[in-house]
file query34.cif (mmCIF, C-alpha atoms)
data_input
#
loop_
_atom_site.group_PDB
_atom_site.id
_atom_site.type_symbol
_atom_site.label_atom_id
_atom_site.label_comp_id
_atom_site.auth_asym_id
_atom_site.auth_seq_id
_atom_site.Cartn_x
_atom_site.Cartn_y
_atom_site.Cartn_z
ATOM 1 C CA MET A 1 35.752 144.089 92.627
ATOM 2 C CA ALA A 2 35.654 144.098 88.851
ATOM 3 C CA LEU A 3 39.385 143.324 88.732
ATOM 4 C CA ARG A 4 38.922 140.286 90.975
ATOM 5 C CA ALA A 5 36.048 139.012 88.800
ATOM 6 C CA ALA A 6 38.131 139.442 85.630
ATOM 7 C CA ALA A 7 41.075 137.588 87.178
ATOM 8 C CA THR A 8 38.788 134.784 88.323
ATOM 9 C CA ARG A 9 37.164 134.477 84.874
ATOM 10 C CA ALA A 10 40.588 134.439 83.201
ATOM 11 C CA LEU A 11 41.838 131.829 85.644
ATOM 12 C CA PHE A 12 38.940 129.476 84.984
ATOM 13 C CA ALA A 13 39.062 130.150 81.263
ATOM 14 C CA GLY A 14 42.631 128.835 81.216
ATOM 15 C CA ALA A 15 44.235 132.171 80.317
ATOM 16 C CA ALA A 16 45.562 133.469 83.629
ATOM 17 C CA PRO A 17 47.591 136.662 83.635
ATOM 18 C CA GLN A 18 51.318 135.921 83.380
ATOM 19 C CA GLY A 19 52.146 137.243 86.850
ATOM 20 C CA PHE A 20 49.374 135.227 88.455
ATOM 21 C CA SER A 21 50.442 131.955 86.826
ATOM 22 C CA ARG A 22 54.043 132.608 87.792
ATOM 23 C CA MET A 23 52.945 133.186 91.389
ATOM 24 C CA CYS A 24 50.988 129.923 91.500
ATOM 25 C CA SER A 25 53.546 127.803 89.665
ATOM 26 C CA THR A 26 55.649 125.254 91.537
ATOM 27 C CA VAL A 27 58.420 125.316 88.917
ATOM 28 C CA THR A 28 60.645 128.368 88.897
ATOM 29 C CA ALA A 29 63.737 129.351 87.005
ATOM 30 C CA ASN A 30 65.769 128.688 90.159
ATOM 31 C CA SER A 31 64.258 125.273 90.946
ATOM 32 C CA PHE A 32 66.785 122.730 92.143
ATOM 33 C CA MET A 33 67.468 119.978 89.655
ATOM 34 C CA PRO A 34 69.848 117.275 90.925
ATOM 35 C CA PRO A 35 72.512 116.031 88.509
ATOM 36 C CA PRO A 36 71.759 112.741 86.781
ATOM 37 C CA ILE A 37 73.339 109.698 88.346
ATOM 38 C CA THR A 38 74.936 107.968 85.402
ATOM 39 C CA ALA A 39 77.345 105.549 87.051
ATOM 40 C CA MET A 40 75.075 103.731 89.463
ATOM 41 C CA GLY A 41 74.355 100.100 88.738
ATOM 42 C CA ASN A 42 75.410 100.137 85.109
ATOM 43 C CA GLY A 43 78.857 98.599 85.438
ATOM 44 C CA GLU A 44 80.761 101.872 85.459
ATOM 45 C CA GLY A 45 81.936 101.783 89.086
ATOM 46 C CA THR A 46 81.652 104.363 91.791
ATOM 47 C CA PRO A 47 80.586 107.816 90.586
ATOM 48 C CA GLY A 48 83.348 110.417 90.486
ATOM 49 C CA ARG A 49 86.226 107.950 90.684
ATOM 50 C CA GLU A 50 88.799 107.204 88.032
ATOM 51 C CA GLN A 51 88.543 103.693 86.591
ATOM 52 C CA ALA A 52 91.303 101.213 87.371
ATOM 53 C CA PRO A 53 92.663 99.074 84.529
ATOM 54 C CA PRO A 54 90.940 95.691 84.081
ATOM 55 C CA SER A 55 92.305 92.916 86.259
ATOM 56 C CA THR A 56 91.134 89.684 87.850
ATOM 57 C CA ASN A 57 90.811 91.383 91.247
ATOM 58 C CA LEU A 58 87.608 93.286 92.098
ATOM 59 C CA PHE A 59 87.070 95.806 94.899
ATOM 60 C CA VAL A 60 83.594 95.467 96.427
ATOM 61 C CA SER A 61 82.234 98.277 98.612
ATOM 62 C CA GLY A 62 78.969 98.882 100.449
ATOM 63 C CA LEU A 63 78.930 95.508 102.196
ATOM 64 C CA ASN A 64 76.730 94.796 105.192
ATOM 65 C CA LYS A 65 78.654 94.666 108.486
ATOM 66 C CA ARG A 66 77.517 91.060 108.960
ATOM 67 C CA THR A 67 78.653 89.873 105.510
ATOM 68 C CA ASN A 68 81.419 87.279 105.676
ATOM 69 C CA SER A 69 83.843 86.010 103.040
ATOM 70 C CA GLU A 70 81.781 82.897 102.313
ATOM 71 C CA LYS A 71 78.644 84.944 101.491
ATOM 72 C CA LEU A 72 80.742 87.183 99.245
ATOM 73 C CA ARG A 73 82.135 84.125 97.437
ATOM 74 C CA GLU A 74 78.638 82.674 96.947
ATOM 75 C CA ALA A 75 77.273 85.899 95.487
ATOM 76 C CA PHE A 76 80.105 86.380 92.977
ATOM 77 C CA SER A 77 80.582 82.699 92.032
ATOM 78 C CA GLN A 78 77.528 82.784 89.742
ATOM 79 C CA PHE A 79 79.597 84.815 87.235
ATOM 80 C CA GLY A 80 82.731 82.636 87.102
ATOM 81 C CA ARG A 81 85.401 80.768 89.053
ATOM 82 C CA VAL A 82 86.222 82.718 92.205
ATOM 83 C CA ILE A 83 89.803 82.046 93.298
ATOM 84 C CA ASP A 84 89.586 84.118 96.478
ATOM 85 C CA ALA A 85 86.928 86.211 98.223
ATOM 86 C CA ARG A 86 87.902 88.191 101.288
ATOM 87 C CA VAL A 87 85.916 90.632 103.414
ATOM 88 C CA VAL A 88 88.183 93.084 105.248
ATOM 89 C CA THR A 89 87.324 92.953 108.951
ATOM 90 C CA ASP A 90 88.030 95.058 112.000
ATOM 91 C CA ARG A 91 90.742 93.528 114.187
ATOM 92 C CA VAL A 92 88.899 94.191 117.437
ATOM 93 C CA SER A 93 85.227 93.514 116.673
ATOM 94 C CA GLY A 94 85.689 91.032 113.825
ATOM 95 C CA TYR A 95 82.879 92.704 111.854
ATOM 96 C CA SER A 96 83.199 93.721 108.236
ATOM 97 C CA LYS A 97 84.603 97.165 107.488
ATOM 98 C CA GLY A 98 82.135 97.362 104.605
ATOM 99 C CA PHE A 99 84.416 96.366 101.755
ATOM 100 C CA GLY A 100 86.255 93.370 100.384
ATOM 101 C CA PHE A 101 88.024 91.820 97.406
ATOM 102 C CA VAL A 102 87.054 89.085 94.956
ATOM 103 C CA ARG A 103 89.657 87.475 92.680
ATOM 104 C CA TYR A 104 88.519 85.608 89.568
ATOM 105 C CA ALA A 105 90.436 83.110 87.438
ATOM 106 C CA THR A 106 90.246 85.235 84.250
ATOM 107 C CA ILE A 107 89.705 88.883 83.342
ATOM 108 C CA GLU A 108 86.581 87.936 81.330
ATOM 109 C CA GLU A 109 84.987 86.340 84.404
ATOM 110 C CA ALA A 110 85.966 89.359 86.492
ATOM 111 C CA GLU A 111 84.244 91.636 83.963
ATOM 112 C CA LYS A 112 81.079 89.526 84.152
ATOM 113 C CA GLY A 113 81.180 89.660 87.954
ATOM 114 C CA ARG A 114 81.794 93.405 87.996
ATOM 115 C CA VAL A 115 78.915 94.186 85.643
ATOM 116 C CA GLY A 116 76.633 91.566 87.208
ATOM 117 C CA MET A 117 77.028 92.670 90.832
ATOM 118 C CA ASP A 118 77.612 96.441 90.573
ATOM 119 C CA GLY A 119 74.603 98.223 92.073
ATOM 120 C CA LYS A 120 72.920 94.992 93.190
ATOM 121 C CA PHE A 121 71.673 93.975 96.642
ATOM 122 C CA LEU A 122 73.664 91.641 98.881
ATOM 123 C CA GLU A 123 72.138 90.867 102.279
ATOM 124 C CA GLY A 124 69.904 93.931 102.047
ATOM 125 C CA TRP A 125 72.634 96.447 101.102
ATOM 126 C CA VAL A 126 73.458 97.896 97.689
ATOM 127 C CA ILE A 127 77.022 96.974 96.783
ATOM 128 C CA PHE A 128 79.407 98.414 94.211
ATOM 129 C CA ALA A 129 81.995 96.380 92.310
ATOM 130 C CA GLU A 130 84.927 97.815 90.394
ATOM 131 C CA TYR A 131 88.405 96.766 89.395
ATOM 132 C CA ALA A 132 90.807 96.934 92.316
ATOM 133 C CA ARG A 133 93.617 99.456 92.125
ATOM 134 C CA PRO A 134 97.129 98.157 92.709
ATOM 135 C CA ARG A 135 98.387 98.783 96.222
ATOM 136 C CA PRO A 136 100.756 101.779 96.296
ATOM 137 C CA GLU A 137 104.394 101.219 97.209
ATOM 138 C CA ARG A 138 104.911 101.551 100.942
ATOM 139 C CA THR A 139 107.996 103.245 102.286
ATOM 140 C CA PRO A 140 109.668 101.451 105.191
ATOM 141 C CA PRO A 141 108.910 102.996 108.575
ATOM 142 C CA GLN A 142 111.605 105.277 109.927
ATOM 143 C CA SER A 143 112.975 105.075 113.427
ATOM 144 C CA ASN A 144 111.491 107.540 115.887
ATOM 145 C CA MET A 145 114.691 107.581 117.917
ATOM 146 C CA SER A 146 116.486 110.156 115.764
ATOM 147 C CA ASN A 147 115.254 113.592 114.827
ATOM 148 C CA SER A 148 115.998 115.732 111.768
ATOM 149 C CA ASN A 149 119.433 116.942 112.950
ATOM 150 C CA GLY A 150 120.868 113.435 113.271
ATOM 151 C CA TYR A 151 120.747 113.188 117.068
ATOM 152 C CA ASN A 152 118.514 110.829 118.952
ATOM 153 C CA SER A 153 116.083 112.069 121.578
ATOM 154 C CA TYR A 154 118.801 111.770 124.268
ATOM 155 C CA GLY A 155 121.196 114.189 122.522
ATOM 156 C CA ARG A 156 123.724 111.545 121.432
ATOM 157 C CA GLU A 157 124.703 110.385 117.933
#
call {"tool": "encode", "arguments": {"input": "query34.cif", "output": "structure tokens"}}
result
Amino acid sequence: MALRAAATRALFAGAAPQGFSRMCSTVTANSFMPPPITAMGNGEGTPGREQAPPSTNLFVSGLNKRTNSEKLREAFSQFGRVIDARVVTDRVSGYSKGFGFVRYATIEEAEKGRVGMDGKFLEGWVIFAEYARPRPERTPPQSNMSNSNGYNSYGRE
């Protein structure tokens, strides 16, 4: 009983025993601390991705499924002359796939558009703008009629 009274007095006096304060603390040495998000909305592009070299073409991701090319053009035209704005759509449904491309007249205008719209809201969704990467070279499709040993699927050359 005397121990409980001493612990209670120490607690209210502001000098709790070290074990007791550790037991009541919400912060521990193993508390989870998420990493800082440094590349969100500050013109640095998508976190964790390598930056593409500056160009007049911007890649815009995070678009609403109902966003069309005209809305994309309107949003980005406040930063410069937009030559082309295109939302990539699904062939079957016609809805946006969630990304698109905006091409400006100059690299300076593209930089203004990238910084101005990265991490901003468009039709209720947060969008990300970064320089578009050049499309990789595509190899021509090979015929499926011949297999690796030079014969076609019917056994003839």
call {"tool": "atom_distance", "arguments": {"input": "query34.cif", "atom1": "atom CA of A:Ala105", "atom2": "atom CA of A:Ile83"}}
result
6.0 Å
call {"tool": "atom_distance", "arguments": {"input": "query34.cif", "atom1": "atom CA of A:Gly124", "atom2": "atom CA of A:Glu70"}}
result
16.2 Å
call {"tool": "atom_distance", "arguments": {"input": "query34.cif", "atom1": "atom CA of A:Phe99", "atom2": "atom CA of A:Pro136"}}
result
18.1 Å
call {"tool": "closest_residue", "arguments": {"input": "query34.cif", "among": "A:Val126, A:Glu137, A:Lys97, A:Val102", "to": "A:Lys65", "atoms": "all atoms listed in the file"}}
result
A:Lys97
call {"tool": "residues_around", "arguments": {"input": "query34.cif", "residues": "A:Phe59", "least_positions_apart": "6", "cutoff": "7 Å", "atoms": "only C-alpha atoms", "output": "list of chain:residue names"}}
result
A:Gly100, A:Phe101, A:Val102, A:Ala129, A:Glu130, A:Tyr131, A:Ala132
call {"tool": "write_last_selection", "arguments": {"input": "query34.cif", "atoms": "C-alpha atoms", "output": "PDB file, keeping the file's coordinate frame"}}
result
ATOM      1  CA  GLY A 100      86.255  93.370 100.384  1.00  0.00           C
ATOM      2  CA  PHE A 101      88.024  91.820  97.406  1.00  0.00           C
ATOM      3  CA  VAL A 102      87.054  89.085  94.956  1.00  0.00           C
ATOM      4  CA  ALA A 129      81.995  96.380  92.310  1.00  0.00           C
ATOM      5  CA  GLU A 130      84.927  97.815  90.394  1.00  0.00           C
ATOM      6  CA  TYR A 131      88.405  96.766  89.395  1.00  0.00           C
ATOM      7  CA  ALA A 132      90.807  96.934  92.316  1.00  0.00           C
TER       8      ALA A 132
END
call {"tool": "resolve_selection", "arguments": {"input": "query34.cif", "expression": "the PyMOL selection byres ((chain A and resi 116) around 10)", "output": "JSON list (two decimals) with C-alpha atoms, in the frame of the given file"}}
result
[["chain", "number", "residue", "atom", "x", "y", "z"],
["A", 41, "GLY", "CA", 74.36, 100.10, 88.74],
["A", 42, "ASN", "CA", 75.41, 100.14, 85.11],
["A", 43, "GLY", "CA", 78.86, 98.60, 85.44],
["A", 76, "PHE", "CA", 80.10, 86.38, 92.98],
["A", 78, "GLN", "CA", 77.53, 82.78, 89.74],
["A", 79, "PHE", "CA", 79.60, 84.82, 87.24],
["A", 110, "ALA", "CA", 85.97, 89.36, 86.49],
["A", 111, "GLU", "CA", 84.24, 91.64, 83.96],
["A", 112, "LYS", "CA", 81.08, 89.53, 84.15],
["A", 113, "GLY", "CA", 81.18, 89.66, 87.95],
["A", 114, "ARG", "CA", 81.79, 93.40, 88.00],
["A", 115, "VAL", "CA", 78.92, 94.19, 85.64],
["A", 117, "MET", "CA", 77.03, 92.67, 90.83],
["A", 118, "ASP", "CA", 77.61, 96.44, 90.57],
["A", 119, "GLY", "CA", 74.60, 98.22, 92.07],
["A", 120, "LYS", "CA", 72.92, 94.99, 93.19],
["A", 129, "ALA", "CA", 82.00, 96.38, 92.31]]
call {"tool": "build_atoms", "arguments": {"input": "query34.cif", "residues": "stretch 88-111 of chain A", "atoms": "N, CA and C atoms", "output": "mmCIF file, in the coordinates of the input"}}
result
data_model
loop_
_atom_site.group_PDB
_atom_site.id
_atom_site.type_symbol
_atom_site.label_atom_id
_atom_site.label_comp_id
_atom_site.auth_asym_id
_atom_site.auth_seq_id
_atom_site.Cartn_x
_atom_site.Cartn_y
_atom_site.Cartn_z
ATOM 1 N N VAL A 88 87.241 92.457 104.317
ATOM 2 C CA VAL A 88 88.183 93.084 105.248
ATOM 3 C C VAL A 88 87.431 93.346 106.549
ATOM 4 N N THR A 89 87.998 92.849 107.658
ATOM 5 C CA THR A 89 87.324 92.953 108.951
ATOM 6 C C THR A 89 88.122 93.792 109.939
ATOM 7 N N ASP A 90 87.414 94.308 110.917
ATOM 8 C CA ASP A 90 88.030 95.058 112.000
ATOM 9 C C ASP A 90 88.754 94.082 112.920
ATOM 10 N N ARG A 91 89.954 94.441 113.349
ATOM 11 C CA ARG A 91 90.742 93.528 114.187
ATOM 12 C C ARG A 91 90.117 93.291 115.548
ATOM 13 N N VAL A 92 89.456 94.301 116.088
ATOM 14 C CA VAL A 92 88.899 94.191 117.437
ATOM 15 C C VAL A 92 87.538 93.505 117.430
ATOM 16 N N SER A 93 86.593 94.035 116.641
ATOM 17 C CA SER A 93 85.227 93.514 116.673
ATOM 18 C C SER A 93 85.039 92.278 115.796
ATOM 19 N N GLY A 94 85.846 92.148 114.742
ATOM 20 C CA GLY A 94 85.689 91.032 113.825
ATOM 21 C C GLY A 94 84.627 91.264 112.771
ATOM 22 N N TYR A 95 83.900 92.389 112.849
ATOM 23 C CA TYR A 95 82.879 92.704 111.854
ATOM 24 C C TYR A 95 83.514 93.281 110.595
ATOM 25 N N SER A 96 82.760 93.190 109.524
ATOM 26 C CA SER A 96 83.199 93.721 108.236
ATOM 27 C C SER A 96 83.392 95.229 108.314
ATOM 28 N N LYS A 97 84.402 95.725 107.604
ATOM 29 C CA LYS A 97 84.603 97.165 107.488
ATOM 30 C C LYS A 97 83.767 97.740 106.354
ATOM 31 N N GLY A 98 83.022 96.892 105.663
ATOM 32 C CA GLY A 98 82.135 97.362 104.605
ATOM 33 C C GLY A 98 82.697 97.211 103.208
ATOM 34 N N PHE A 99 83.857 96.593 103.087
ATOM 35 C CA PHE A 99 84.416 96.366 101.755
ATOM 36 C C PHE A 99 85.201 95.066 101.742
ATOM 37 N N GLY A 100 85.510 94.610 100.529
ATOM 38 C CA GLY A 100 86.255 93.370 100.384
ATOM 39 C C GLY A 100 86.800 93.239 98.975
ATOM 40 N N PHE A 101 87.401 92.077 98.699
ATOM 41 C CA PHE A 101 88.024 91.820 97.406
ATOM 42 C C PHE A 101 87.607 90.445 96.915
ATOM 43 N N VAL A 102 87.389 90.353 95.601
ATOM 44 C CA VAL A 102 87.054 89.085 94.956
ATOM 45 C C VAL A 102 88.024 88.906 93.803
ATOM 46 N N ARG A 103 88.718 87.757 93.764
ATOM 47 C CA ARG A 103 89.657 87.475 92.680
ATOM 48 C C ARG A 103 89.107 86.331 91.839
ATOM 49 N N TYR A 104 88.993 86.600 90.522
ATOM 50 C CA TYR A 104 88.519 85.608 89.568
ATOM 51 C C TYR A 104 89.693 84.944 88.868
ATOM 52 N N ALA A 105 89.406 83.844 88.167
ATOM 53 C CA ALA A 105 90.436 83.110 87.438
ATOM 54 C C ALA A 105 90.856 83.860 86.177
ATOM 55 N N THR A 106 89.923 84.518 85.492
ATOM 56 C CA THR A 106 90.246 85.235 84.250
ATOM 57 C C THR A 106 89.672 86.648 84.292
ATOM 58 N N ILE A 107 90.192 87.503 83.433
ATOM 59 C CA ILE A 107 89.705 88.883 83.342
ATOM 60 C C ILE A 107 88.273 88.901 82.802
ATOM 61 N N GLU A 108 87.930 87.987 81.888
ATOM 62 C CA GLU A 108 86.581 87.936 81.330
ATOM 63 C C GLU A 108 85.561 87.615 82.418
ATOM 64 N N GLU A 109 85.889 86.674 83.296
ATOM 65 C CA GLU A 109 84.987 86.340 84.404
ATOM 66 C C GLU A 109 84.881 87.507 85.384
ATOM 67 N N ALA A 110 85.988 88.193 85.604
ATOM 68 C CA ALA A 110 85.966 89.359 86.492
ATOM 69 C C ALA A 110 85.072 90.454 85.918
ATOM 70 N N GLU A 111 85.104 90.638 84.603
ATOM 71 C CA GLU A 111 84.244 91.636 83.963
ATOM 72 C C GLU A 111 82.773 91.266 84.124
#
